[in-house]
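**Student:** Encoded as structure tokens, here's the structure I'll be asking about.
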Amino acid sequence: MSLDIAIPGAPRLQLQHLLLDFNGTLACDGRLIDGLATRLGELAAVLEVQVLTGDTYGTVAQALAGLGVRHRVVQTGADKAACVQALRTAGVAAVGNGRNDVDMLRLATLGVAVLGPECSHAQTLAAAHLVAPDIGAALDLFLHPARLVAALRP
């Protein structure tokens, strides 16, 4: 499973993994945002999808049940960054909104910051390659790769 995207005038974008933050990115107040379950299932057929979360509300396992994505409870942004470093040779996209996502986005092959109902940290926006207006738009980048081409071409 992978995405291999030719970007005119830039190196090919080759991705195998998609790391996602949960609270503030995929979820609001611990509940998966409407419309994301189908997208996550579709993405799991294309990329290795893993949700990295502090699981503040204790809801991640239930929210992701049956969607074909894995999750890992982490304590800090350094833990998220370590996950990227462990996978980096395979091509990693990362999506997040919070301060603890800064290093994850910075280290990823492609980092996408998300604006959402729980706000976004300014350092996260600066660390990202792209900023999406919402999580639906961010996930759709990987379901419709021509959008990545349009956003990333020099």
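Just so we're on the same page: first chain in the structure tokens is A, next is B, and so on; residues restart at 1 for each chain, and ligands are numbered from 1 in the order they show up.
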Check the DSSP output for the backbone and give back, as a PyMOL selection string, the residues of stretch 92-131 of chain A in helix (DSSP H, G or I).

**Tutor:** chain A and resi 99-107+122-127

**Student:** If we count only C-alpha atoms and set the cut-off at 10 Å, which residues sit around A:Asp79, ignoring sequence neighbours fewer than 3 positions away in its own chain? Please answer as number ranges by chain.

**Tutor:** A: 52-53, 73-76, 82-85, 100-101, 103-104

**Student:** Name the residues of chain A that fall into strand (DSSP E) according to DSSP on the backbone, using the chain letters and numbers of this document, as a ChimeraX atom specification.

**Tutor:** /A:3-5,13-15,17-21,27-28,31-32,48-53,70-73,92-96,110-114,130-132

**Student:** Take the residues just selected and output them with N, CA and C atoms as a short mmCIF file (atom, residue, chain, number, x, y, z; two decimals), in the first residue's frame.

**Tutor:**
```
data_model
loop_
_atom_site.label_atom_id
_atom_site.label_comp_id
_atom_site.auth_asym_id
_atom_site.auth_seq_id
_atom_site.Cartn_x
_atom_site.Cartn_y
_atom_site.Cartn_z
N LEU A 3 1.11 5.59 -1.82
CA LEU A 3 0.78 6.62 -2.79
C LEU A 3 2.09 7.07 -3.41
N ASP A 4 2.14 7.08 -4.73
CA ASP A 4 3.32 7.54 -5.45
C ASP A 4 2.83 8.63 -6.39
N ILE A 5 3.21 9.87 -6.09
CA ILE A 5 2.66 11.03 -6.78
C ILE A 5 3.78 11.83 -7.43
N LEU A 13 6.55 12.31 -4.65
CA LEU A 13 6.05 12.15 -3.29
C LEU A 13 5.64 10.69 -3.13
N GLN A 14 6.39 9.96 -2.32
CA GLN A 14 6.12 8.55 -2.10
C GLN A 14 5.78 8.35 -0.63
N LEU A 15 4.54 7.93 -0.39
CA LEU A 15 4.05 7.79 0.97
C LEU A 15 3.53 6.37 1.21
N HIS A 17 2.81 5.68 4.89
CA HIS A 17 2.18 5.81 6.21
C HIS A 17 1.48 7.15 6.34
N LEU A 18 0.36 7.12 7.04
CA LEU A 18 -0.35 8.34 7.40
C LEU A 18 -0.56 8.32 8.90
N LEU A 19 0.08 9.28 9.59
CA LEU A 19 -0.05 9.42 11.04
C LEU A 19 -1.00 10.58 11.32
N LEU A 20 -1.98 10.32 12.16
CA LEU A 20 -3.01 11.31 12.45
C LEU A 20 -3.13 11.56 13.94
N ASP A 21 -3.26 12.81 14.30
CA ASP A 21 -3.62 13.17 15.66
C ASP A 21 -5.10 12.90 15.83
N ALA A 27 -11.14 14.37 15.97
CA ALA A 27 -12.23 14.38 16.94
C ALA A 27 -12.37 15.74 17.61
N CYS A 28 -13.57 16.03 18.03
CA CYS A 28 -13.85 17.22 18.82
C CYS A 28 -14.49 16.75 20.12
N ARG A 31 -15.06 12.95 20.35
CA ARG A 31 -15.96 12.28 19.41
C ARG A 31 -15.48 12.49 17.97
N LEU A 32 -15.43 11.39 17.21
CA LEU A 32 -15.02 11.46 15.81
C LEU A 32 -15.92 12.44 15.07
N GLU A 48 -0.93 2.86 5.25
CA GLU A 48 -0.95 2.36 6.63
C GLU A 48 -1.33 3.55 7.51
N VAL A 49 -2.51 3.51 8.07
CA VAL A 49 -3.03 4.64 8.85
C VAL A 49 -2.91 4.32 10.33
N GLN A 50 -2.32 5.26 11.07
CA GLN A 50 -2.19 5.10 12.52
C GLN A 50 -2.52 6.43 13.19
N VAL A 51 -3.35 6.34 14.21
CA VAL A 51 -3.73 7.51 14.99
C VAL A 51 -2.87 7.54 16.25
N LEU A 52 -2.23 8.68 16.48
CA LEU A 52 -1.38 8.89 17.66
C LEU A 52 -2.09 9.88 18.57
N THR A 53 -2.31 9.49 19.81
CA THR A 53 -3.13 10.32 20.68
C THR A 53 -2.77 10.16 22.14
N ARG A 70 -5.13 1.72 12.91
CA ARG A 70 -4.57 1.41 14.23
C ARG A 70 -4.47 2.69 15.04
N HIS A 71 -4.32 2.54 16.33
CA HIS A 71 -4.07 3.71 17.16
C HIS A 71 -3.03 3.36 18.22
N ARG A 72 -2.34 4.40 18.66
CA ARG A 72 -1.33 4.25 19.71
C ARG A 72 -1.48 5.42 20.67
N VAL A 73 -1.55 5.10 21.94
CA VAL A 73 -1.61 6.15 22.95
C VAL A 73 -0.18 6.58 23.24
N VAL A 92 6.31 9.20 5.09
CA VAL A 92 5.29 9.43 6.11
C VAL A 92 4.59 10.76 5.89
N ALA A 93 3.28 10.72 5.87
CA ALA A 93 2.48 11.94 5.93
C ALA A 93 1.94 12.02 7.35
N ALA A 94 1.85 13.23 7.87
CA ALA A 94 1.34 13.42 9.22
C ALA A 94 0.36 14.60 9.21
N VAL A 95 -0.70 14.46 10.01
CA VAL A 95 -1.73 15.48 10.08
C VAL A 95 -2.02 15.77 11.54
N GLY A 96 -2.03 17.05 11.91
CA GLY A 96 -2.31 17.42 13.29
C GLY A 96 -2.65 18.88 13.44
N LEU A 110 5.59 14.66 4.45
CA LEU A 110 4.58 15.68 4.17
C LEU A 110 3.79 15.93 5.45
N GLY A 111 3.88 17.15 5.96
CA GLY A 111 3.14 17.53 7.17
C GLY A 111 1.98 18.44 6.81
N VAL A 112 0.80 18.10 7.33
CA VAL A 112 -0.40 18.89 7.06
C VAL A 112 -1.00 19.34 8.39
N ALA A 113 -1.09 20.65 8.57
CA ALA A 113 -1.76 21.21 9.75
C ALA A 113 -3.23 21.41 9.42
N VAL A 114 -4.07 21.24 10.43
CA VAL A 114 -5.51 21.33 10.25
C VAL A 114 -6.07 22.44 11.15
N LEU A 130 1.66 22.03 4.36
CA LEU A 130 0.35 22.50 3.91
C LEU A 130 -0.53 22.76 5.12
N VAL A 131 -1.49 23.67 4.96
CA VAL A 131 -2.49 23.93 6.00
C VAL A 131 -3.86 23.70 5.36
N ALA A 132 -4.65 22.84 5.97
CA ALA A 132 -5.99 22.53 5.46
C ALA A 132 -7.04 23.26 6.29
#
```

**Student:** Quick one: residues within 6 Å of A:Leu47, only C-alpha atoms counted, chain neighbours fewer than 6 positions away excluded, as JSON, numbers by chain?

**Tutor:** {"A": [1, 2, 16, 17]}

**Student:** List as a list in words the protein and nucleic acid residues near A:Gly58, meaning an atom at most 12 Å away when only C-alpha atoms are counted, but skip any in the same chain fewer than 2 places from it.

**Tutor:**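 Counting only C-alpha atoms, the residues come to Phe22, Asn23, Ala27, Asp29, Gly30, Arg31, Thr53, Gly54, Asp55, Thr56, Val60, Ala61, Gln62, Ala63, Leu64 and Val73 of chain A.
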
**Student:** For a quick check of understanding, using only C-alpha atoms, which of A:Ala6, A:Arg153, A:Thr25, A:Ala81 has the smallest distance to A:Pro133?

**Tutor:**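 The shortest atom-to-atom distance to A:Pro133 comes from A:Thr25.
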